[in-house]
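> Data file structure-v4.txt (compact mmCIF, C-alpha atoms) is appended below.
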```txt
# COMPACT_ATOMS: atom_id res chain seq x y z
CA MET A 1 -26.84 -4.81 16.00
CA THR A 2 -27.51 -4.84 19.72
CA SER A 3 -24.95 -4.00 22.37
CA ARG A 4 -24.68 -7.70 23.24
CA GLU A 5 -23.39 -8.35 19.74
CA LEU A 6 -20.74 -5.66 19.83
CA PRO A 7 -17.09 -6.65 20.13
CA GLU A 8 -15.88 -6.58 23.72
CA LEU A 9 -12.96 -7.80 25.76
CA PRO A 10 -13.80 -8.44 29.43
CA GLY A 11 -11.55 -6.51 31.75
CA VAL A 12 -10.23 -4.37 28.92
CA LEU A 13 -13.06 -2.93 26.80
CA SER A 14 -16.77 -3.38 27.38
CA ALA A 15 -19.39 -3.30 24.65
CA ASP A 16 -20.34 0.18 25.87
CA ASP A 17 -16.71 1.29 25.54
CA ILE A 18 -16.63 0.03 21.95
CA ALA A 19 -19.96 1.73 21.20
CA ARG A 20 -18.56 5.04 22.49
CA THR A 21 -15.47 4.71 20.32
CA ALA A 22 -17.67 3.98 17.29
CA ARG A 23 -19.66 7.13 18.02
CA TYR A 24 -16.42 9.13 17.81
CA LEU A 25 -15.99 7.80 14.27
CA LEU A 26 -19.59 8.67 13.45
CA THR A 27 -19.24 12.23 14.69
CA THR A 28 -16.05 12.66 12.66
CA GLN A 29 -17.53 11.30 9.43
CA GLU A 30 -18.37 14.12 7.04
CA ARG A 31 -21.69 14.58 5.26
CA SER A 32 -20.13 13.25 2.06
CA GLY A 33 -19.28 9.97 3.80
CA ALA A 34 -15.56 10.73 4.03
CA ILE A 35 -13.82 9.94 7.34
CA PRO A 36 -10.81 12.19 7.99
CA TRP A 37 -7.98 11.49 10.43
CA PHE A 38 -9.64 13.82 12.94
CA PRO A 39 -12.48 16.35 12.76
CA GLY A 40 -11.76 18.81 9.98
CA GLY A 41 -8.53 17.05 9.05
CA HIS A 42 -7.21 15.33 5.96
CA LEU A 43 -7.68 11.69 4.97
CA ASP A 44 -6.11 8.93 2.95
CA PRO A 45 -7.97 6.04 1.28
CA TRP A 46 -6.41 3.22 3.35
CA ASP A 47 -7.26 4.70 6.75
CA HIS A 48 -10.68 5.76 5.46
CA VAL A 49 -11.43 2.10 4.63
CA GLU A 50 -10.17 0.97 8.04
CA CYS A 51 -12.60 3.38 9.70
CA ALA A 52 -15.45 2.11 7.52
CA MET A 53 -14.60 -1.44 8.62
CA ALA A 54 -14.83 -0.39 12.27
CA LEU A 55 -18.26 1.08 11.59
CA SER A 56 -19.37 -2.19 10.01
CA ALA A 57 -18.03 -4.16 12.99
CA THR A 58 -20.07 -2.01 15.38
CA GLY A 59 -23.32 -2.28 13.45
CA HIS A 60 -23.29 1.11 11.74
CA LEU A 61 -23.84 -0.43 8.32
CA GLU A 62 -25.41 2.58 6.66
CA ALA A 63 -22.56 4.86 7.73
CA ALA A 64 -20.04 2.31 6.48
CA GLU A 65 -21.77 2.12 3.11
CA ARG A 66 -21.74 5.92 2.87
CA ALA A 67 -17.99 5.77 3.40
CA TYR A 68 -17.57 3.22 0.60
CA ASP A 69 -19.90 5.12 -1.71
CA TRP A 70 -17.85 8.27 -1.20
CA LEU A 71 -14.69 6.39 -2.10
CA ALA A 72 -16.36 5.05 -5.24
CA SER A 73 -17.43 8.58 -6.21
CA VAL A 74 -13.86 9.91 -6.19
CA GLN A 75 -12.08 6.94 -7.79
CA ASP A 76 -9.85 7.93 -10.71
CA ALA A 77 -10.37 6.44 -14.16
CA ASP A 78 -7.36 4.14 -13.72
CA GLY A 79 -8.87 2.58 -10.56
CA SER A 80 -6.70 4.48 -8.08
CA TRP A 81 -7.10 7.28 -5.56
CA PRO A 82 -4.84 10.21 -4.69
CA ALA A 83 -2.85 9.59 -1.53
CA LYS A 84 -4.28 12.48 0.44
CA TYR A 85 -7.44 14.58 0.50
CA GLY A 86 -8.14 17.65 2.58
CA GLY A 87 -10.91 20.23 2.56
CA GLY A 88 -12.71 18.40 -0.21
CA ARG A 89 -9.75 18.53 -2.62
CA VAL A 90 -6.70 16.50 -3.55
CA VAL A 91 -3.69 17.44 -1.44
CA ASN A 92 -1.25 14.76 -2.66
CA PRO A 93 -1.85 13.34 -6.16
CA LEU A 94 0.54 10.40 -5.70
CA ARG A 95 -1.36 7.10 -6.04
CA GLU A 96 -0.25 4.33 -3.68
CA ALA A 97 -0.83 0.68 -4.53
CA ASN A 98 -1.80 -0.43 -1.04
CA HIS A 99 -4.33 2.40 -0.79
CA ALA A 100 -6.13 1.14 -3.88
CA ALA A 101 -5.92 -2.50 -2.82
CA TYR A 102 -7.36 -2.09 0.65
CA LEU A 103 -10.85 -1.35 -0.62
CA ALA A 104 -11.19 -5.08 -1.38
CA VAL A 105 -10.56 -5.93 2.28
CA GLY A 106 -13.20 -3.46 3.38
CA VAL A 107 -15.86 -4.56 0.90
CA TRP A 108 -15.34 -8.25 1.71
CA HIS A 109 -15.43 -7.44 5.44
CA HIS A 110 -18.69 -5.52 5.04
CA LEU A 111 -20.26 -8.30 3.00
CA LEU A 112 -19.35 -10.90 5.63
CA ILE A 113 -21.09 -8.82 8.29
CA SER A 114 -24.07 -7.47 6.38
CA GLU A 115 -24.74 -10.27 3.87
CA ASP A 116 -25.77 -7.41 1.57
CA GLU A 117 -24.98 -8.72 -1.90
CA ALA A 118 -26.57 -5.68 -3.55
CA PHE A 119 -23.89 -3.56 -1.85
CA ALA A 120 -21.19 -5.96 -3.03
CA GLU A 121 -22.52 -5.85 -6.59
CA ARG A 122 -22.50 -2.05 -6.49
CA MET A 123 -18.91 -2.01 -5.29
CA TRP A 124 -17.67 -4.78 -7.58
CA PRO A 125 -16.53 -2.55 -10.50
CA VAL A 126 -14.79 -0.24 -8.02
CA VAL A 127 -12.88 -3.17 -6.50
CA ARG A 128 -12.17 -4.70 -9.93
CA ASP A 129 -10.69 -1.48 -11.27
CA ALA A 130 -8.71 -0.88 -8.07
CA ILE A 131 -7.11 -4.32 -8.29
CA GLY A 132 -6.40 -3.64 -11.95
CA PHE A 133 -4.45 -0.54 -10.95
CA VAL A 134 -2.54 -2.50 -8.32
CA LEU A 135 -1.56 -5.32 -10.67
CA GLY A 136 -0.47 -2.72 -13.21
CA LEU A 137 2.35 -1.94 -10.76
CA ARG A 138 3.54 -5.55 -10.60
CA GLY A 139 7.24 -6.14 -11.16
CA GLY A 140 8.95 -9.06 -12.82
CA ARG A 141 9.20 -11.20 -9.68
CA GLY A 142 5.64 -10.63 -8.54
CA GLU A 143 6.32 -7.65 -6.26
CA ILE A 144 4.02 -4.62 -6.33
CA LEU A 145 5.81 -1.32 -6.76
CA TRP A 146 4.70 1.04 -4.06
CA ALA A 147 3.11 3.89 -6.06
CA ARG A 148 2.56 5.67 -9.35
CA ASP A 149 3.41 9.34 -9.78
CA PRO A 150 0.90 11.81 -11.24
CA ASP A 151 2.80 11.68 -14.55
CA GLY A 152 2.26 7.91 -14.68
CA SER A 153 5.77 6.88 -13.66
CA PRO A 154 5.87 3.83 -11.36
CA GLY A 155 7.84 3.77 -8.13
CA ASP A 156 11.30 2.22 -8.23
CA HIS A 157 10.94 -0.13 -5.25
CA ALA A 158 8.53 -2.37 -3.37
CA LEU A 159 7.73 -2.07 0.34
CA LEU A 160 7.32 -5.10 2.58
CA THR A 161 4.43 -3.74 4.65
CA ALA A 162 2.58 -2.45 1.59
CA CYS A 163 2.98 -5.75 -0.24
CA ALA A 164 1.84 -7.73 2.82
CA SER A 165 -1.29 -5.57 2.96
CA ILE A 166 -1.80 -6.03 -0.78
CA HIS A 167 -1.49 -9.81 -0.34
CA GLN A 168 -4.40 -9.72 2.10
CA ALA A 169 -6.37 -7.51 -0.29
CA LEU A 170 -5.81 -9.83 -3.25
CA ARG A 171 -7.11 -12.77 -1.22
CA CYS A 172 -10.19 -10.80 -0.17
CA ALA A 173 -10.77 -9.58 -3.72
CA SER A 174 -10.59 -13.15 -5.00
CA ARG A 175 -13.11 -14.35 -2.42
CA LEU A 176 -15.42 -11.49 -3.34
CA ALA A 177 -15.11 -12.42 -7.01
CA VAL A 178 -16.03 -16.04 -6.32
CA ARG A 179 -18.95 -15.01 -4.11
CA LEU A 180 -20.32 -12.83 -6.92
CA GLY A 181 -19.83 -15.52 -9.56
CA ARG A 182 -16.91 -13.76 -11.27
CA PRO A 183 -13.88 -15.84 -10.25
CA ARG A 184 -10.47 -14.31 -10.94
CA PRO A 185 -7.88 -17.10 -10.49
CA GLU A 186 -5.19 -14.72 -11.72
CA TRP A 187 -5.69 -12.71 -8.53
CA ASP A 188 -4.97 -15.79 -6.43
CA HIS A 189 -1.88 -16.49 -8.51
CA ALA A 190 -0.65 -12.92 -8.03
CA ALA A 191 -1.25 -13.25 -4.28
CA ALA A 192 0.67 -16.53 -4.12
CA ARG A 193 3.68 -15.09 -5.92
CA LEU A 194 3.64 -12.06 -3.67
CA ALA A 195 3.38 -14.24 -0.55
CA HIS A 196 6.39 -16.25 -1.70
CA LEU A 197 8.51 -13.11 -1.94
CA ILE A 198 7.32 -11.85 1.45
CA ALA A 199 7.89 -15.16 3.24
CA GLU A 200 11.09 -16.30 1.58
CA HIS A 201 12.89 -13.27 0.12
CA GLU A 202 12.45 -10.35 2.48
CA PRO A 203 15.77 -8.70 1.53
CA PHE A 204 14.28 -8.07 -1.91
CA PHE A 205 12.13 -5.28 -0.42
CA ALA A 206 13.32 -1.79 0.49
CA ASP A 207 14.95 -1.78 3.93
CA ARG A 208 12.55 -0.27 6.46
CA GLY A 209 13.35 -2.64 9.28
CA ARG A 210 13.26 0.08 11.92
CA TYR A 211 9.49 0.23 11.47
CA SER A 212 7.49 -2.23 13.53
CA MET A 213 5.04 -2.68 10.65
CA ASP A 214 7.69 -4.51 8.64
CA TRP A 215 8.03 -6.90 11.58
CA TYR A 216 4.39 -7.96 12.05
CA TYR A 217 2.67 -7.15 8.75
CA PRO A 218 3.81 -10.29 6.91
CA ILE A 219 1.82 -12.18 9.57
CA LEU A 220 -1.13 -9.79 9.62
CA GLY A 221 -1.37 -9.91 5.83
CA GLY A 222 -1.42 -13.72 5.80
CA ALA A 223 1.85 -14.45 3.99
CA VAL A 224 3.62 -15.86 7.09
CA ARG A 225 1.94 -18.28 9.47
CA ASP A 226 2.51 -21.15 11.91
CA ALA A 227 6.07 -21.78 13.16
CA ALA A 228 7.54 -19.11 10.89
CA ALA A 229 5.18 -16.52 12.39
CA LYS A 230 6.12 -17.47 15.95
CA GLU A 231 9.81 -17.29 15.11
CA ARG A 232 9.38 -13.93 13.41
CA LEU A 233 7.65 -12.35 16.40
CA ALA A 234 10.15 -13.79 18.87
CA GLN A 235 13.11 -12.32 16.98
CA ARG A 236 12.15 -8.68 17.58
CA TRP A 237 9.59 -8.79 20.37
CA ASP A 238 11.91 -7.11 22.86
CA THR A 239 12.94 -4.53 20.25
CA PHE A 240 9.45 -3.19 19.73
CA VAL A 241 7.28 -4.13 22.71
CA VAL A 242 7.40 -1.77 25.68
CA PRO A 243 5.76 -3.59 28.61
CA GLY A 244 2.73 -1.78 29.93
CA LEU A 245 2.68 0.83 27.17
CA GLY A 246 2.30 -0.85 23.76
CA ILE A 247 4.70 -1.18 20.86
CA ARG A 248 7.09 1.27 19.28
CA CYS A 249 6.30 2.64 15.85
CA VAL A 250 10.03 2.69 15.09
CA SER A 251 12.74 0.82 16.95
CA ASP A 252 14.95 3.82 17.68
CA GLN A 253 12.40 6.21 19.20
CA PRO A 254 10.73 6.22 22.65
CA TRP A 255 7.29 6.39 21.06
CA VAL A 256 4.51 3.83 21.29
CA THR A 257 1.45 4.01 19.03
CA GLY A 258 -2.04 2.65 19.41
CA ALA A 259 -2.60 1.65 15.79
CA GLU A 260 0.60 -0.35 15.46
CA THR A 261 -0.10 -2.08 18.77
CA SER A 262 -3.62 -2.95 17.63
CA GLU A 263 -2.30 -4.29 14.33
CA LEU A 264 0.13 -6.52 16.20
CA VAL A 265 -2.91 -7.74 18.14
CA LEU A 266 -4.54 -8.60 14.80
CA ALA A 267 -1.45 -10.62 13.87
CA LEU A 268 -1.57 -12.43 17.22
CA ALA A 269 -5.27 -13.16 16.76
CA ALA A 270 -4.49 -14.71 13.38
CA MET A 271 -1.94 -16.93 15.16
CA GLY A 272 -4.45 -17.94 17.82
CA GLU A 273 -2.50 -16.13 20.56
CA THR A 274 -5.49 -14.29 21.95
CA ASP A 275 -4.23 -13.99 25.53
CA ARG A 276 -1.08 -12.20 24.44
CA GLY A 277 -3.14 -10.02 22.12
CA ALA A 278 -5.56 -9.09 24.90
CA ALA A 279 -2.67 -8.11 27.17
CA LEU A 280 -1.26 -5.79 24.51
CA LEU A 281 -4.65 -4.22 23.88
CA ALA A 282 -4.96 -3.58 27.62
CA ASP A 283 -1.53 -1.91 27.58
CA ILE A 284 -2.66 0.88 25.22
CA GLN A 285 -5.76 1.92 27.13
CA HIS A 286 -3.70 4.81 28.56
CA LEU A 287 -4.24 6.36 25.11
CA ARG A 288 -8.03 6.27 25.48
CA ASP A 289 -9.97 9.48 26.15
CA PRO A 290 -12.61 8.39 28.67
CA ASP A 291 -14.93 11.23 27.69
CA ASP A 292 -15.72 10.11 24.14
CA GLY A 293 -13.77 6.89 23.58
CA ALA A 294 -11.32 8.41 21.10
CA TYR A 295 -7.65 7.41 21.18
CA TRP A 296 -4.52 9.51 21.08
CA THR A 297 -2.27 8.41 18.23
CA GLY A 298 0.74 7.76 20.44
CA TYR A 299 2.73 8.40 23.58
CA GLN A 300 6.31 9.69 23.80
CA PHE A 301 7.38 7.93 26.97
CA ALA A 302 10.72 9.72 27.45
CA GLU A 303 8.89 13.06 27.58
CA GLN A 304 5.73 11.50 29.05
CA VAL A 305 3.39 13.25 26.63
CA ASN A 306 0.82 12.16 24.08
CA TRP A 307 2.25 12.85 20.64
CA PRO A 308 1.26 13.92 18.08
CA VAL A 309 -1.46 16.07 19.58
CA GLU A 310 -4.25 14.34 17.69
CA ARG A 311 -6.85 11.69 18.34
CA SER A 312 -6.79 9.78 15.09
CA THR A 313 -9.85 7.99 13.80
CA TRP A 314 -7.74 5.19 12.38
CA THR A 315 -6.30 4.46 15.82
CA ALA A 316 -9.83 4.13 17.21
CA ALA A 317 -10.76 1.93 14.24
CA ALA A 318 -7.74 -0.32 14.75
CA VAL A 319 -8.70 -0.83 18.41
CA ILE A 320 -12.24 -1.85 17.40
CA LEU A 321 -11.01 -4.28 14.74
CA ALA A 322 -8.44 -5.80 17.09
CA THR A 323 -11.10 -6.32 19.74
CA ASP A 324 -13.36 -8.00 17.21
CA ALA A 325 -10.55 -10.26 15.98
CA LEU A 326 -9.89 -11.43 19.54
CA CYS A 327 -13.50 -12.12 20.49
CA GLU A 328 -14.88 -12.89 17.01
CA ALA A 329 -18.11 -11.03 17.68
CA THR A 330 -18.72 -10.53 13.96
CA PRO A 331 -18.03 -12.62 10.85
CA GLY A 332 -15.84 -9.74 9.68
CA ALA A 333 -13.08 -10.93 12.02
CA ARG A 334 -12.37 -13.63 9.45
CA VAL A 335 -10.64 -11.18 7.13
CA PHE A 336 -7.77 -11.27 9.63
CA THR A 337 -7.95 -14.88 10.81
CA ASP A 338 -8.84 -16.86 7.67
CA THR A 339 -5.77 -16.27 5.51
CA ALA A 340 -3.64 -19.09 6.93
CA GLY A 341 -2.11 -21.57 4.55
CA GLU A 342 -2.26 -19.33 1.50
CA GLY A 343 1.36 -18.36 1.13
CA SER A 344 4.57 -19.41 -0.52
CA ALA A 345 3.84 -23.13 -0.69
CA ALA A 346 1.51 -22.43 -3.62
CA VAL A 347 4.41 -21.26 -5.79
CA ASP A 348 7.29 -23.13 -7.35
CA PRO A 349 10.26 -20.87 -6.46
CA ALA A 350 11.66 -21.15 -9.97
CA SER A 351 8.39 -19.92 -11.44
CA CYS A 352 8.59 -16.58 -9.67
CA GLY A 353 11.98 -15.83 -11.13
CA CYS A 354 13.91 -15.71 -7.87
CA PRO A 355 16.58 -18.03 -6.47
CA THR A 356 15.56 -20.63 -3.92
CA THR A 357 17.75 -19.12 -1.21
CA GLY A 358 18.80 -15.64 -0.26
CA GLY A 359 17.28 -12.40 -1.53
```
Spit out the file's structure as structure tokens when you get a sec.

Amino acid sequence: MTSRELPELPGVLSADDIARTARYLLTTQERSGAIPWFPGGHLDPWDHVECAMALSATGHLEAAERAYDWLASVQDADGSWPAKYGGGRVVNPLREANHAAYLAVGVWHHLLISEDEAFAERMWPVVRDAIGFVLGLRGGRGEILWARDPDGSPGDHALLTACASIHQALRCASRLAVRLGRPRPEWDHAAARLAHLIAEHEPFFADRGRYSMDWYYPILGGAVRDAAAKERLAQRWDTFVVPGLGIRCVSDQPWVTGAETSELVLALAAMGETDRGAALLADIQHLRDPDDGAYWTGYQFAEQVNWPVERSTWTAAAVILATDALCEATPGARVFTDTAGEGSAAVDPASCGCPTTGG
């Protein structure tokens, strides 16, 4: 991929800026292919995949495939991954549903960019088994319980953000299955039921409304679109958006974060609101390290300090993916912009076992 084909946003991030940020990811990637949160740090499967996606979007296809191959090499027999690795070992053996699901988004994204069907075939059993683990945590109304303990016990609740991410992953997994000639209509059905709960019965999920992710992720994940998406963003825009700085991670703290802001940009891109997305992406450039293109995780604006004192790879990756979604430099942008119209309308409310109104 040449520099002219790299994502860029005139006046905000040039192609050279994006290339420098991608190099930070490359220098952090370990020999095994793993991509930790920062050099020498720990990692989790979801953020690892996000970083691999940013490498694909910037033309580093071999490095991205090494990241996916590493993930395949450490997959558990049940299709899952431990929640946290560090120093080459498992640090937290809890297995989160959205961690397992997100591989499907990454593999589909890479295939769209690379057109490498041999890679997709190699990753197919890994994706298939990961989705099997995820659907094994499905509850009676179509929700996905958030995790499974090391002893096999499932979590006792479902999370809105996690389920919105899983909805996106199920759609990507289904498209991958069709592309490879192995259609899985049951994955589409599971996604439709999940989208119905997200769009119509939000009180069913555990209350984490102070987190900005619960505000925008139903849009980012594709379950909420059109007028409902516009209304949703308008309701809490002033709660989370800090003009000139980005968006708060949580509503009650003076702390803006680059990854959450970039994810809101992805949601705006999916809505076609690219100007508003570009303005938000410009707002977080105060987090950028001009020396190597890395990004500080966040900024505590009451104390006027970057906090935590880390430059997280997944923040850099989110910036790259948001830029690509706005300018559509690669076909991979479609994983964020092509999920419209695949939500609750596909499900008869009675069939999902929930009332037609309320939670």
> Which polymer residues have any atom within 8 Å of an atom of A:Arg276, counting only C-alpha atoms, with same-chain residues fewer than 4 positions away left out, as a ChimeraX atom specification?
/A:265,268,280
> Could you state the separation of atom CA of A:Thr330 and atom CA of A:Glu115 in Å, given to one decimal place?
11.8 Å
> Which one of A:Arg179, A:Arg31, A:Arg248, A:Arg184 sits closest to A:Met213 if you count all atoms listed in the file?
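Nearest to A:Met213: A:Arg248.
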> Sort by chain and increasing residue number a table of all residues of stretch 115-193 of chain A within 8 Å of stretch 60-75 of chain A, each with its closest pair of atoms and their distance in Å to one decimal, counting all atoms listed in the file, and write it as CSV.

```
residue,atom,partner,partner_atom,distance
A:Phe119,CA,A:Glu65,CA,7.8
A:Met123,CA,A:Ala72,CA,7.5
A:Val126,CA,A:Ala72,CA,6.2
```
> For a quick check of understanding, using only C-alpha atoms, which of A:Ala294, A:Ala322, A:Leu135, A:Ala228 has the smallest distance to A:Ala269?
A:Ala322
> Record the distance separating atom CA of A:Ser14 and atom CA of A:Gly293, expressed in Å with one decimal.
11.4 Å
> Kindly indicate which residue among A:Ile284, A:Ala270, A:Ala279, A:Ala318 lies nearest to A:Thr337, using only C-alpha atoms for the distances.
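Distance minimum relative to A:Thr337 lands on A:Ala270.
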> Rounded to one decimal, what separation in Å do you get between atom CA of A:Glu310 and atom CA of A:Thr27?
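That distance, rounded to one decimal, is 15.4 Å.
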> Closest to A:Leu180 among A:Asp116, A:Gln304, A:Leu103, A:Asp16, using all atoms listed in the file?
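That would be A:Asp116, the residue with the smallest distance to A:Leu180.
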> For the point (-19.0, -12.6, 3.2) in file coordinates, what residues are within 12 Å, counting all atoms listed in the file? Give the answer as a ChimeraX atom specification?
/A:104-117,119-120,172-180,330-335,338
> Taking into account all atoms listed in the file, which residue in the set A:Ala118, A:Trp81, A:Gly86, A:Leu281 is nearest to A:Glu30?
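Closest candidate: A:Gly86.
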> For A:Ala302, list every protein, DNA or RNA residue within 10 Å, evaluated using only C-alpha atoms, and leave out those in the same chain fewer than 6 positions away; present the list as a ChimeraX atom specification.
/A:253-255
> Would you please work out which residue, of A:Gly298, A:Gly88, A:Pro45, A:Gly59, is nearest to A:Ala19 when using only C-alpha atoms?
A:Gly59
> Any chance you could tabulate, as JSON lines, the residues of stretch 103-166 of chain A at most 6 Å from stretch 199-208 of chain A with each one's nearest atom pair and distance in Å to one decimal, using only C-alpha atoms, in chain and rising number order?

```
{"residue": "A:Ala158", "atom": "CA", "partner": "A:Phe205", "partner_atom": "CA", "distance": 5.5}
{"residue": "A:Leu159", "atom": "CA", "partner": "A:Phe205", "partner_atom": "CA", "distance": 5.5}
{"residue": "A:Leu160", "atom": "CA", "partner": "A:Phe205", "partner_atom": "CA", "distance": 5.7}
```
> Got a sec to check which residues sit within 10 Å of (3.5, -1.7, 20.2), counting only C-alpha atoms, and write them as a ChimeraX atom specification?
/A:212-213,237,239-250,255-265,280-281,283-284,298
> Report as number ranges by chain all protein, DNA and RNA residues lying within 7 Å of A:Phe38, evaluated on only C-alpha atoms, omitting residues in the same chain fewer than 3 positions from it.
A: 28, 41, 311-313
> Can you tell me, as a list in words, what residues are no more than 8 Å from A:Val224 when counting only C-alpha atoms, ignoring any on the same chain fewer than 3 positions away?
Ala195, Ile198, Ala199, Pro218, Ile219, Gly221, Ala228, Ala229, Ala340 and Gly343 of chain A
